[in-house]
$ cat coords.cif   # mmCIF, C-alpha atoms
data_my_file
#
loop_
_atom_site.label_atom_id
_atom_site.label_comp_id
_atom_site.auth_asym_id
_atom_site.auth_seq_id
_atom_site.Cartn_x
_atom_site.Cartn_y
_atom_site.Cartn_z
CA MET A 1137 27.81 17.04 -72.47
CA GLY A 1138 25.52 17.13 -69.49
CA SER A 1139 22.03 16.00 -68.76
CA ILE A 1140 20.20 18.27 -71.11
CA GLU A 1141 16.88 17.44 -72.49
CA GLY A 1142 15.07 18.15 -75.72
CA ILE A 1143 11.83 16.29 -75.13
CA MET A 1144 8.59 18.25 -75.12
CA PRO A 1145 6.15 17.47 -72.31
CA GLU A 1146 2.98 15.71 -73.38
CA ASN A 1147 0.79 18.66 -72.50
CA GLY A 1148 3.21 21.13 -74.14
CA GLY A 1149 4.05 24.71 -73.31
CA ALA A 1150 5.70 26.45 -70.40
CA ALA A 1151 3.79 28.01 -67.56
CA ALA A 1152 3.01 31.68 -68.09
CA ALA A 1153 4.79 34.14 -65.83
CA PRO A 1154 2.49 36.66 -64.16
CA LEU A 1155 2.64 40.25 -65.32
CA CYS A 1156 3.23 43.21 -63.08
CA ASN A 1157 0.71 46.06 -63.44
CA GLY A 1158 1.00 49.72 -62.66
CA ARG A 1159 4.12 50.42 -64.75
CA ALA A 1160 4.73 53.78 -66.33
CA MET A 1161 4.13 53.59 -70.08
CA LEU A 1162 4.58 55.56 -73.28
CA SER A 1163 1.76 56.72 -75.48
CA SER A 1164 1.75 56.00 -79.21
CA ALA A 1165 3.13 59.49 -79.73
CA MET A 1166 6.07 58.53 -77.46
CA GLU A 1167 5.04 61.05 -74.78
CA VAL A 1168 5.58 60.14 -71.15
CA ASP A 1169 2.45 59.52 -69.12
CA PRO A 1170 2.49 61.37 -65.82
CA VAL A 1171 3.43 59.34 -62.76
CA SER A 1172 1.06 59.77 -59.86
CA PRO A 1173 2.45 60.57 -56.39
CA ALA A 1174 0.87 57.35 -55.11
CA SER A 1175 3.17 55.34 -57.33
CA GLY A 1176 6.23 56.82 -55.71
CA GLY A 1177 7.01 59.32 -58.45
CA ASN A 1178 8.95 61.57 -56.05
CA ASP A 1179 11.42 58.86 -55.14
CA GLU A 1180 13.87 58.68 -58.05
CA ALA A 1181 15.59 55.55 -56.72
CA ALA A 1182 12.31 53.66 -56.56
CA THR A 1183 10.59 55.01 -59.66
CA LYS A 1184 10.68 53.05 -62.87
CA LYS A 1185 12.14 55.33 -65.50
CA VAL A 1186 10.47 55.60 -68.86
CA LYS A 1187 12.31 55.93 -72.12
CA SER A 1188 11.69 59.35 -73.60
CA GLY A 1189 14.15 59.54 -76.44
CA GLY A 1190 12.11 57.89 -79.23
CA PHE A 1191 13.58 55.29 -81.58
CA PRO A 1192 15.33 52.92 -81.77
CA LEU A 1193 14.06 51.05 -78.73
CA GLU A 1194 16.74 50.35 -76.14
CA VAL A 1195 17.92 46.89 -75.20
CA GLY A 1196 16.05 45.99 -72.02
CA THR A 1197 12.82 47.66 -73.12
CA ARG A 1198 9.63 45.78 -72.24
CA VAL A 1199 6.70 45.96 -74.61
CA MET A 1200 3.75 43.92 -75.86
CA CYS A 1201 4.38 42.02 -79.11
CA ARG A 1202 2.00 40.28 -81.51
CA TRP A 1203 2.91 36.60 -81.62
CA ARG A 1204 2.06 33.82 -84.09
CA ASP A 1205 -1.31 33.29 -82.36
CA GLN A 1206 -2.17 36.92 -83.31
CA ASN A 1207 -2.44 37.87 -79.62
CA LEU A 1208 -0.25 40.36 -77.78
CA HIS A 1209 2.29 38.93 -75.33
CA PRO A 1210 4.84 40.67 -73.06
CA VAL A 1211 8.41 40.65 -74.34
CA LYS A 1212 11.80 42.04 -73.38
CA VAL A 1213 14.15 43.41 -76.06
CA ILE A 1214 17.36 41.37 -75.91
CA GLU A 1215 19.18 42.80 -78.94
CA ARG A 1216 18.61 45.07 -81.92
CA ARG A 1217 20.13 45.49 -85.39
CA LYS A 1218 19.75 47.94 -88.24
CA LEU A 1219 17.88 46.88 -91.33
CA PRO A 1220 20.38 46.98 -94.23
CA SER A 1221 18.00 48.82 -96.59
CA GLY A 1222 16.27 51.00 -93.99
CA GLY A 1223 16.63 54.52 -92.66
CA PRO A 1224 18.63 55.63 -89.60
CA ASN A 1225 15.86 54.52 -87.21
CA ASP A 1226 14.86 51.31 -89.02
CA TYR A 1227 15.71 48.43 -86.73
CA GLU A 1228 14.47 44.95 -86.00
CA TYR A 1229 14.48 43.61 -82.47
CA TYR A 1230 15.37 40.27 -80.92
CA VAL A 1231 12.83 39.66 -78.18
CA HIS A 1232 12.23 37.18 -75.37
CA TYR A 1233 8.61 36.29 -74.64
CA THR A 1234 8.60 36.47 -70.86
CA GLU A 1235 5.74 33.97 -70.58
CA PHE A 1236 7.58 31.30 -72.56
CA ASN A 1237 10.82 29.36 -72.84
CA ARG A 1238 13.82 30.93 -74.56
CA ARG A 1239 13.36 28.59 -77.51
CA LEU A 1240 10.65 30.97 -78.78
CA ASP A 1241 12.91 34.06 -78.82
CA GLU A 1242 12.95 35.65 -82.27
CA TRP A 1243 13.63 38.70 -84.42
CA VAL A 1244 10.55 40.88 -84.93
CA LYS A 1245 9.75 43.98 -86.95
CA LEU A 1246 8.71 47.24 -85.30
CA GLN A 1247 5.19 46.78 -86.71
CA GLN A 1248 4.69 43.75 -84.44
CA LEU A 1249 5.23 45.84 -81.29
CA ASP A 1250 2.47 47.78 -79.52
CA LEU A 1251 4.32 51.03 -78.86
CA ARG A 1252 1.65 52.21 -76.43
CA THR A 1253 3.00 49.66 -73.96
CA VAL A 1254 6.71 50.52 -74.17
CA GLU A 1255 8.48 50.64 -70.82
CA THR A 1256 12.11 50.56 -69.69
CA TYR A 1257 13.81 50.23 -66.32
CA LEU A 1258 16.95 51.69 -64.89
CA ASP A 1259 16.66 49.91 -61.58
CA GLU A 1260 16.37 46.14 -62.04
CA LYS A 1261 16.40 45.52 -58.28
CA MET A 1262 13.34 47.71 -57.83
CA GLU A 1263 11.63 45.89 -60.68
CA ASP A 1264 12.29 42.54 -59.04
CA LYS A 1265 11.00 43.89 -55.74
CA ALA A 1266 7.82 45.23 -57.31
CA THR A 1267 7.24 41.98 -59.16
CA SER A 1268 7.70 39.98 -55.98
CA LEU A 1269 5.09 42.06 -54.16
CA LYS A 1270 2.49 41.26 -56.82
CA MET A 1271 3.10 37.50 -56.95
CA THR A 1272 2.06 34.73 -54.64
CA ARG A 1273 4.80 32.77 -52.94
CA HIS A 1274 4.04 29.78 -55.21
CA GLN A 1275 4.32 31.90 -58.36
CA LYS A 1276 7.59 33.42 -57.18
CA ARG A 1277 9.03 29.98 -56.45
CA LYS A 1278 8.05 28.76 -59.93
CA ILE A 1279 9.77 31.71 -61.60
CA ASP A 1280 12.88 31.30 -59.43
CA GLU A 1281 13.03 27.63 -60.40
CA THR A 1282 12.68 28.24 -64.13
CA HIS A 1283 14.79 31.41 -64.34
CA VAL A 1284 18.04 29.42 -64.30
CA GLU A 1285 16.47 26.38 -65.91
CA GLY A 1286 19.06 23.68 -66.41
CA HIS A 1287 22.00 25.82 -65.25
CA GLU A 1288 22.13 24.82 -61.59
CA GLU A 1289 25.79 23.83 -61.99
CA LEU A 1290 26.79 27.41 -62.85
CA ASP A 1291 27.55 30.12 -60.31
CA ALA A 1292 25.95 33.54 -60.75
CA ALA A 1293 28.87 35.05 -62.68
CA SER A 1294 29.18 32.06 -65.02
CA LEU A 1295 25.41 32.05 -65.57
CA ARG A 1296 25.44 35.74 -66.57
CA GLU A 1297 28.35 35.10 -68.93
CA HIS A 1298 26.54 32.10 -70.47
CA GLU A 1299 23.29 34.02 -70.94
CA GLU A 1300 25.08 37.01 -72.45
CA PHE A 1301 27.05 34.86 -74.88
CA THR A 1302 24.08 32.76 -75.97
CA LYS A 1303 21.26 35.30 -75.74
CA VAL A 1304 20.69 35.60 -79.52
CA LYS A 1305 20.17 32.63 -81.83
CA ASN A 1306 22.87 32.73 -84.48
CA ILE A 1307 21.16 30.26 -86.85
CA ALA A 1308 17.43 30.67 -87.50
CA LYS A 1309 16.68 27.53 -89.56
CA ILE A 1310 18.28 24.29 -90.69
CA GLU A 1311 17.48 21.83 -93.43
CA LEU A 1312 17.93 18.20 -92.44
CA GLY A 1313 16.71 15.55 -94.85
CA ARG A 1314 13.19 16.39 -95.96
CA TYR A 1315 12.58 18.80 -93.07
CA GLU A 1316 13.16 22.51 -92.62
CA ILE A 1317 13.37 23.12 -88.87
CA ASP A 1318 13.22 26.34 -86.87
CA THR A 1319 16.04 26.36 -84.32
CA TRP A 1320 15.53 27.06 -80.62
CA TYR A 1321 18.87 28.21 -79.19
CA PHE A 1322 22.38 29.46 -79.89
CA SER A 1323 25.02 26.96 -81.00
CA PRO A 1324 28.74 27.86 -81.19
CA PHE A 1325 29.41 27.12 -84.86
CA PRO A 1326 32.75 28.28 -86.30
CA PRO A 1327 32.94 32.08 -86.91
CA GLU A 1328 32.59 31.77 -90.69
CA TYR A 1329 28.96 30.69 -90.15
CA ASN A 1330 28.00 33.72 -88.03
CA ASP A 1331 26.23 35.48 -90.91
CA CYS A 1332 24.28 32.37 -91.93
CA PHE A 1333 20.48 32.57 -91.57
CA LYS A 1334 19.90 28.96 -92.63
CA MET A 1335 22.24 25.98 -92.62
CA TYR A 1336 22.08 22.75 -94.58
CA PHE A 1337 23.01 19.41 -92.98
CA CYS A 1338 23.73 16.11 -94.65
CA GLU A 1339 21.35 13.86 -92.74
CA PHE A 1340 23.76 10.93 -92.86
CA CYS A 1341 27.24 12.29 -92.06
CA LEU A 1342 25.94 15.57 -90.48
CA ASN A 1343 28.39 17.80 -92.38
CA PHE A 1344 26.91 21.30 -92.56
CA MET A 1345 27.02 23.93 -95.30
CA LYS A 1346 25.89 27.48 -95.97
CA ARG A 1347 24.13 26.95 -99.28
CA LYS A 1348 21.73 24.47 -100.83
CA GLU A 1349 24.00 24.04 -103.84
CA GLN A 1350 26.84 22.91 -101.57
CA LEU A 1351 24.59 20.31 -99.97
CA GLN A 1352 23.47 19.01 -103.35
CA ARG A 1353 27.08 18.59 -104.49
CA HIS A 1354 27.95 16.91 -101.20
CA MET A 1355 25.03 14.45 -101.43
CA ARG A 1356 26.24 13.27 -104.83
CA LYS A 1357 29.56 12.26 -103.23
CA CYS A 1358 28.54 11.15 -99.71
CA ASP A 1359 28.57 7.36 -99.42
CA LEU A 1360 26.91 7.12 -95.98
CA LYS A 1361 23.28 6.05 -95.71
CA HIS A 1362 23.27 5.65 -91.92
CA PRO A 1363 25.26 6.94 -88.93
CA PRO A 1364 28.83 5.61 -88.71
CA GLY A 1365 29.32 2.91 -86.11
CA ASP A 1366 27.60 -0.34 -85.20
CA GLU A 1367 23.91 -1.07 -85.59
CA ILE A 1368 22.99 -2.61 -82.23
CA TYR A 1369 19.19 -2.70 -82.52
CA ARG A 1370 16.62 -3.11 -85.27
CA SER A 1371 12.89 -3.60 -84.82
CA GLY A 1372 10.66 -2.95 -87.81
CA THR A 1373 11.72 0.39 -89.27
CA LEU A 1374 13.60 1.52 -86.14
CA SER A 1375 17.36 1.14 -85.81
CA MET A 1376 19.83 2.23 -83.14
CA PHE A 1377 23.49 2.88 -83.95
CA GLU A 1378 26.31 3.12 -81.41
CA VAL A 1379 28.86 5.75 -82.47
CA ASP A 1380 32.21 5.97 -80.68
CA GLY A 1381 33.19 9.63 -80.29
CA LYS A 1382 36.86 8.74 -80.51
CA LYS A 1383 36.55 6.69 -83.71
CA ASN A 1384 34.08 9.08 -85.39
CA LYS A 1385 35.14 12.44 -83.98
CA VAL A 1386 33.90 14.70 -86.80
CA TYR A 1387 30.46 13.07 -86.85
CA ALA A 1388 30.19 13.32 -83.04
CA GLN A 1389 31.21 16.99 -83.03
CA ASN A 1390 28.74 17.79 -85.82
CA LEU A 1391 26.03 15.99 -83.85
CA CYS A 1392 26.83 18.19 -80.84
CA TYR A 1393 26.63 21.37 -82.96
CA LEU A 1394 23.27 20.23 -84.31
CA ALA A 1395 21.92 19.21 -80.90
CA LYS A 1396 22.95 22.48 -79.26
CA LEU A 1397 20.49 24.31 -81.57
CA PHE A 1398 17.72 22.61 -79.57
CA LEU A 1399 19.33 22.31 -76.14
CA ASP A 1400 19.93 25.19 -73.76
CA HIS A 1401 21.05 23.58 -70.56
CA LYS A 1402 24.73 22.82 -70.85
CA THR A 1403 27.88 24.10 -72.43
CA LEU A 1404 29.06 22.23 -75.52
CA TYR A 1405 31.95 19.84 -74.97
CA TYR A 1406 34.36 19.46 -77.85
CA ASP A 1407 36.13 16.48 -76.28
CA VAL A 1408 33.84 13.80 -77.69
CA ASP A 1409 36.41 11.00 -77.26
CA LEU A 1410 35.04 10.13 -73.82
CA PHE A 1411 31.47 9.57 -75.00
CA LEU A 1412 29.37 7.02 -76.85
CA PHE A 1413 26.46 8.29 -78.93
CA TYR A 1414 23.33 6.21 -79.50
CA VAL A 1415 21.57 7.48 -82.61
CA LEU A 1416 17.97 6.39 -83.23
CA CYS A 1417 16.85 6.23 -86.86
CA GLU A 1418 13.77 5.59 -88.95
CA CYS A 1419 14.81 3.43 -91.90
CA ASP A 1420 13.42 3.25 -95.44
CA ASP A 1421 14.75 2.48 -98.92
CA ARG A 1422 16.63 5.81 -98.98
CA GLY A 1423 18.59 5.13 -95.80
CA CYS A 1424 18.43 5.57 -92.01
CA HIS A 1425 17.15 9.00 -90.96
CA MET A 1426 18.07 10.30 -87.51
CA VAL A 1427 15.13 11.09 -85.23
CA GLY A 1428 17.06 11.59 -81.98
CA TYR A 1429 19.94 10.40 -79.85
CA PHE A 1430 21.38 10.12 -76.38
CA SER A 1431 24.99 10.09 -75.25
CA LYS A 1432 26.71 8.53 -72.27
CA GLU A 1433 30.19 8.55 -70.82
CA LYS A 1434 32.27 5.48 -71.56
CA HIS A 1435 33.24 5.30 -67.89
CA SER A 1436 31.20 7.13 -65.25
CA GLU A 1437 32.15 7.05 -61.57
CA GLU A 1438 28.71 8.46 -60.68
CA SER A 1439 26.81 5.64 -62.48
CA TYR A 1440 25.45 8.03 -65.10
CA ASN A 1441 23.85 6.08 -67.94
CA LEU A 1442 22.88 9.15 -69.97
CA ALA A 1443 24.51 12.54 -70.54
CA CYS A 1444 22.51 14.32 -73.26
CA ILE A 1445 19.21 13.37 -74.87
CA LEU A 1446 17.36 14.93 -77.79
CA THR A 1447 14.42 14.13 -80.00
CA LEU A 1448 14.48 16.35 -83.10
CA PRO A 1449 11.41 18.63 -83.34
CA PRO A 1450 9.76 16.91 -86.37
CA TYR A 1451 9.74 13.63 -84.45
CA GLN A 1452 8.58 14.83 -81.04
CA ARG A 1453 5.33 13.66 -79.42
CA LYS A 1454 5.70 10.26 -81.05
CA GLY A 1455 7.14 8.38 -78.08
CA TYR A 1456 10.77 8.49 -79.20
CA GLY A 1457 12.01 10.36 -76.14
CA LYS A 1458 10.53 7.73 -73.82
CA PHE A 1459 12.05 5.05 -76.04
CA LEU A 1460 15.52 6.63 -75.69
CA ILE A 1461 15.21 6.76 -71.89
CA ALA A 1462 14.05 3.14 -71.76
CA PHE A 1463 16.90 2.11 -74.08
CA SER A 1464 19.50 3.70 -71.77
CA TYR A 1465 18.21 1.55 -68.90
CA GLU A 1466 18.26 -1.60 -71.02
CA LEU A 1467 21.96 -0.94 -71.65
CA SER A 1468 22.48 -0.57 -67.89
CA LYS A 1469 20.79 -3.93 -67.34
CA LYS A 1470 23.13 -5.49 -69.90
CA GLU A 1471 26.06 -3.99 -67.99
CA GLY A 1472 24.73 -5.33 -64.69
CA LYS A 1473 24.64 -1.83 -63.20
CA VAL A 1474 22.11 0.65 -61.89
CA GLY A 1475 21.99 3.93 -63.80
CA THR A 1476 20.80 7.49 -63.51
CA PRO A 1477 20.83 10.49 -65.87
CA GLU A 1478 23.53 13.08 -65.41
CA ARG A 1479 22.53 16.00 -63.20
CA PRO A 1480 21.21 18.60 -63.21
CA LEU A 1481 18.09 17.65 -65.15
CA SER A 1482 16.20 20.33 -67.02
CA ASP A 1483 12.54 20.86 -66.13
CA LEU A 1484 11.46 18.95 -69.26
CA GLY A 1485 14.02 16.26 -68.52
CA LEU A 1486 12.73 15.76 -65.00
CA LEU A 1487 9.16 15.48 -66.30
CA SER A 1488 10.17 12.83 -68.82
CA TYR A 1489 12.21 10.82 -66.35
CA ARG A 1490 9.66 11.09 -63.57
CA GLY A 1491 7.05 9.77 -66.03
CA TYR A 1492 9.28 6.84 -67.01
CA TRP A 1493 10.18 5.95 -63.40
CA THR A 1494 6.51 6.16 -62.38
CA ARG A 1495 5.31 3.84 -65.13
CA VAL A 1496 8.05 1.25 -64.61
CA LEU A 1497 7.85 1.15 -60.82
CA LEU A 1498 4.07 1.17 -60.51
CA ASP A 1499 3.70 -1.50 -63.17
CA ILE A 1500 5.92 -3.78 -61.06
CA LEU A 1501 4.12 -2.92 -57.82
CA LYS A 1502 0.76 -3.59 -59.43
CA LYS A 1503 1.77 -7.06 -60.64
CA HIS A 1504 3.95 -8.12 -57.71
CA LYS A 1505 2.50 -10.34 -54.99
CA GLY A 1506 3.83 -9.95 -51.48
CA ASN A 1507 6.47 -7.60 -50.09
CA ILE A 1508 9.21 -6.02 -52.21
CA SER A 1509 12.13 -3.86 -51.11
CA ILE A 1510 13.57 -0.71 -52.66
CA LYS A 1511 16.78 -2.64 -53.37
CA GLU A 1512 14.84 -5.35 -55.20
CA LEU A 1513 13.07 -2.71 -57.29
CA SER A 1514 16.45 -1.22 -58.16
CA ASP A 1515 17.89 -4.60 -59.17
CA MET A 1516 14.87 -5.35 -61.37
CA THR A 1517 14.77 -2.00 -63.15
CA ALA A 1518 18.40 -0.72 -63.07
CA ILE A 1519 16.97 2.52 -61.61
CA LYS A 1520 19.10 4.07 -58.87
CA VAL A 1521 17.72 3.79 -55.32
CA ASP A 1522 17.66 7.59 -54.89
CA ASP A 1523 15.50 7.96 -58.01
CA ILE A 1524 13.11 5.27 -56.80
CA LEU A 1525 12.76 6.95 -53.41
CA SER A 1526 12.18 10.42 -54.88
CA THR A 1527 9.58 9.07 -57.32
CA LEU A 1528 7.61 7.11 -54.71
CA GLN A 1529 7.81 10.03 -52.27
CA SER A 1530 6.43 12.42 -54.89
CA LEU A 1531 3.51 9.99 -55.34
CA GLU A 1532 3.10 9.64 -51.57
CA LEU A 1533 3.50 5.88 -51.85
CA ILE A 1534 6.28 5.49 -49.31
CA GLN A 1535 6.58 6.05 -45.57
CA TYR A 1536 9.48 5.95 -43.15
CA ARG A 1537 8.75 3.58 -40.27
CA LYS A 1538 11.10 2.26 -37.57
CA GLY A 1539 14.23 3.27 -39.48
CA GLN A 1540 13.28 1.94 -42.89
CA HIS A 1541 11.22 2.91 -45.94
CA VAL A 1542 7.93 1.08 -46.37
CA ILE A 1543 6.00 1.06 -49.68
CA CYS A 1544 2.24 1.61 -49.32
CA ALA A 1545 0.72 0.43 -52.59
CA ASP A 1546 -3.08 0.47 -52.67
CA PRO A 1547 -4.22 -0.92 -56.07
CA LYS A 1548 -6.70 1.91 -56.68
CA VAL A 1549 -4.04 4.53 -55.92
CA LEU A 1550 -1.60 2.77 -58.28
CA ASP A 1551 -4.18 2.78 -61.07
CA ARG A 1552 -4.82 6.50 -60.57
CA HIS A 1553 -1.11 7.35 -60.72
CA LEU A 1554 -0.54 5.14 -63.75
CA LYS A 1555 -3.37 6.86 -65.59
CA ALA A 1556 -1.92 10.26 -64.72
CA ALA A 1557 1.55 9.18 -65.93
CA GLY A 1558 0.20 8.59 -69.45
CA ARG A 1559 1.14 6.01 -72.01
CA GLY A 1560 4.59 4.51 -72.05
CA GLY A 1561 5.46 5.17 -75.68
CA LEU A 1562 7.39 2.77 -77.89
CA GLU A 1563 8.68 -0.34 -76.17
CA VAL A 1564 12.23 -1.66 -76.48
CA ASP A 1565 12.23 -5.24 -77.75
CA VAL A 1566 15.14 -6.54 -75.69
CA ALA A 1567 15.43 -9.67 -77.82
CA LYS A 1568 16.52 -7.48 -80.74
CA LEU A 1569 19.22 -5.64 -78.79
CA ILE A 1570 22.61 -7.09 -79.76
CA TRP A 1571 25.25 -5.24 -77.78
CA ILE A 1572 28.48 -5.78 -75.87
CA PRO A 1573 29.27 -3.23 -73.12
CA TYR A 1574 32.13 -0.93 -74.02
CA LYS A 1575 34.50 -2.22 -71.33
CA GLU A 1576 34.30 -5.71 -72.84
CA GLN A 1577 35.24 -4.58 -76.31
CA SER A 1578 38.73 -5.32 -77.47
#
$ encode --input "coords.cif" --output "structure tokens"
Amino acid sequence: MGSIEGIMPENGGAAAAPLCNGRAMLSSAMEVDPVSPASGGNDEAATKKVKSGGFPLEVGTRVMCRWRDQNLHPVKVIERRKLPSGGPNDYEYYVHYTEFNRRLDEWVKLQQLDLRTVETYLDEKMEDKATSLKMTRHQKRKIDETHVEGHEELDAASLREHEEFTKVKNIAKIELGRYEIDTWYFSPFPPEYNDCFKMYFCEFCLNFMKRKEQLQRHMRKCDLKHPPGDEIYRSGTLSMFEVDGKKNKVYAQNLCYLAKLFLDHKTLYYDVDLFLFYVLCECDDRGCHMVGYFSKEKHSEESYNLACILTLPPYQRKGYGKFLIAFSYELSKKEGKVGTPERPLSDLGLLSYRGYWTRVLLDILKKHKGNISIKELSDMTAIKVDDILSTLQSLELIQYRKGQHVICADPKVLDRHLKAAGRGGLEVDVAKLIWIPYKEQS
């Protein structure tokens, strides 16, 4: 399941990767521009080779593409496919916008591509070398960190295999309740769904179908109006349901298929028996509508209190992701344990958790009178000591003196960091949490 994260940062968007200039290009007539001697044109091993054979564009081609903002952005061609009603050279291309996260990869028509900027490479090592020379050390580090975003547990061969297998989104859209949602990533649905552009989910049992008519027939028969399992929290229109993966295996597997469309950082586990799923819903007179969820192992030797977490796109930026994180720690408090999310965290996951840890810890430090130890902070918050140390160190609020860590909490500095951390989102009303830890259940 893994610690993968589907929460958007508050300020949105990924950092743009710098472009490398001075590449050989093709004119609109597909003629090769001459390469000057200064660019190393005499050295075949070092020269970037330009495609000269016309259409269709090769996989690996880099070109500028007009995006939804009507501006041109650099892309790399990941895959291509023939248009069913087109001529021999009529293709559409699956492209990755090199400035952005893979969730924005999409199929585009040839008309969206600026063919004057077409370029291909036969020597990827030389390309990487040239790019490195034109980037600052900080920029290079940022790209290295995000290139294998969320896949730190994979070796190089496994990472290549994962990226090759999942490089093209197999499902473009889903319908879930009253929302039509653009998907972000590949999800390994059964082979019979490979040719499906859009899929239809029952928002209550999460069964999925190829056609709208199938969903309509299903909805007339489906008796569920909320996730299966126990309702353990209700406050206003919000409800949380605990779903046992062993008791509700089909629902849990369907939830994983759905979540994988928006999560890129872990492989999908089919053995859901070992996990509990906490499904957050908005409730009205039609039923309880899922807005997000998190999962956790029933028994974790590493004290993990969260495996996967996702807020569905229509409900993002409303504080639900922060609510889910806070809820996982409230469960840890009920268990009398400290908790931590499963590693590795994605970049968005680390941002969300670092924000939560900052707000919780600084709020205590601001109100507390007298000295307080790291262990006491951990006991009060159920946050693991390592996470407390890393958070306070990142804020430069802790020093190491005479063999022990000392917290340096100036009130003005705390206020500044709290303001930078942003609002805390929806609060968990602990009085309305009615829950027995799994180990105590009969």
$ closest_residue --input "coords.cif" --among "A:Leu1533, A:Val1211, A:Leu1360, A:Ile1445" --to "A:Lys1458" --atoms "only C-alpha atoms"
A:Ile1445
$ residues_around --input "coords.cif" --residues "stretch 1475-1482 of chain A" --least-positions-apart "3" --cutoff "6 Å" --atoms "all atoms listed in the file" --output "PDB file with C-alpha atoms, in the frame of the given file"
ATOM      1  CA  SER A1139      22.030  16.000 -68.760  1.00  0.00           C
ATOM      2  CA  GLY A1286      19.060  23.680 -66.410  1.00  0.00           C
ATOM      3  CA  SER A1439      26.810   5.640 -62.480  1.00  0.00           C
ATOM      4  CA  TYR A1440      25.450   8.030 -65.100  1.00  0.00           C
ATOM      5  CA  ASN A1441      23.850   6.080 -67.940  1.00  0.00           C
ATOM      6  CA  LEU A1442      22.880   9.150 -69.970  1.00  0.00           C
ATOM      7  CA  ALA A1443      24.510  12.540 -70.540  1.00  0.00           C
ATOM      8  CA  GLY A1485      14.020  16.260 -68.520  1.00  0.00           C
ATOM      9  CA  LEU A1486      12.730  15.760 -65.000  1.00  0.00           C
ATOM     10  CA  ALA A1518      18.400  -0.720 -63.070  1.00  0.00           C
ATOM     11  CA  ILE A1519      16.970   2.520 -61.610  1.00  0.00           C
ATOM     12  CA  LYS A1520      19.100   4.070 -58.870  1.00  0.00           C
TER      13      LYS A1520
END
$ residues_around --input "coords.cif" --residues "A:Gln1529" --least-positions-apart "6" --cutoff "10 Å" --atoms "all atoms listed in the file" --output "PyMOL selection string"
chain A and resi 1523+1535+1543
$ atom_distance --input "coords.cif" --atom1 "atom CA of A:Trp1203" --atom2 "atom CA of A:Lys1454"
26.5 Å
$ residues_around --input "coords.cif" --residues "A:His1504" --least-positions-apart "6" --cutoff "12 Å" --atoms "all atoms listed in the file" --output "ChimeraX atom specification"
/A:1497-1498,1512-1513,1516,1545,1547
$ residues_around --input "coords.cif" --residues "A:Cys1417" --least-positions-apart "5" --cutoff "7 Å" --atoms "all atoms listed in the file" --output "list in words"
Leu1374, Ser1375, Met1376, Cys1424, His1425, Met1426 and Val1427 of chain A
$ write_last_selection --input "coords.cif" --atoms "C-alpha atoms" --output "compact mmCIF listing (two decimals), in the frame of the given file"
# COMPACT_ATOMS: atom_id res chain seq x y z
CA LEU A 1374 13.60 1.52 -86.14
CA SER A 1375 17.36 1.14 -85.81
CA MET A 1376 19.83 2.23 -83.14
CA CYS A 1424 18.43 5.57 -92.01
CA HIS A 1425 17.15 9.00 -90.96
CA MET A 1426 18.07 10.30 -87.51
CA VAL A 1427 15.13 11.09 -85.23
$ closest_residue --input "coords.cif" --among "A:Gly1457, A:Gly1539, A:Lys1309, A:Leu1501" --to "A:Gly1560" --atoms "only C-alpha atoms"
A:Gly1457
$ decode --input "coords.cif" --residues "stretch 1307-1331 of chain A" --atoms "C-alpha atoms" --output "compact mmCIF listing (two decimals), in the first residue's frame"
# COMPACT_ATOMS: atom_id res chain seq x y z
CA ILE A 1307 -8.15 5.32 -18.20
CA ALA A 1308 -8.64 9.00 -19.07
CA LYS A 1309 -11.77 9.84 -17.04
CA ILE A 1310 -14.06 8.37 -14.40
CA GLU A 1311 -17.56 9.19 -13.27
CA LEU A 1312 -18.07 8.98 -9.51
CA GLY A 1313 -21.34 10.25 -8.10
CA ARG A 1314 -22.09 13.67 -9.54
CA TYR A 1315 -18.49 14.26 -10.67
CA GLU A 1316 -16.62 13.50 -13.86
CA ILE A 1317 -12.92 13.41 -12.94
CA ASP A 1318 -9.82 13.46 -15.13
CA THR A 1319 -7.43 10.75 -13.96
CA TRP A 1320 -3.75 11.37 -13.20
CA TYR A 1321 -1.93 8.03 -13.47
CA PHE A 1322 -2.03 4.44 -14.66
CA SER A 1323 -4.00 1.89 -12.62
CA PRO A 1324 -3.76 -1.87 -13.28
CA PHE A 1325 -7.42 -2.65 -13.99
CA PRO A 1326 -8.23 -6.11 -15.40
CA PRO A 1327 -7.29 -6.53 -19.11
CA GLU A 1328 -10.90 -6.31 -20.32
CA TYR A 1329 -10.88 -2.61 -19.36
CA ASN A 1330 -7.76 -1.73 -21.38
CA ASP A 1331 -9.76 -0.18 -24.23
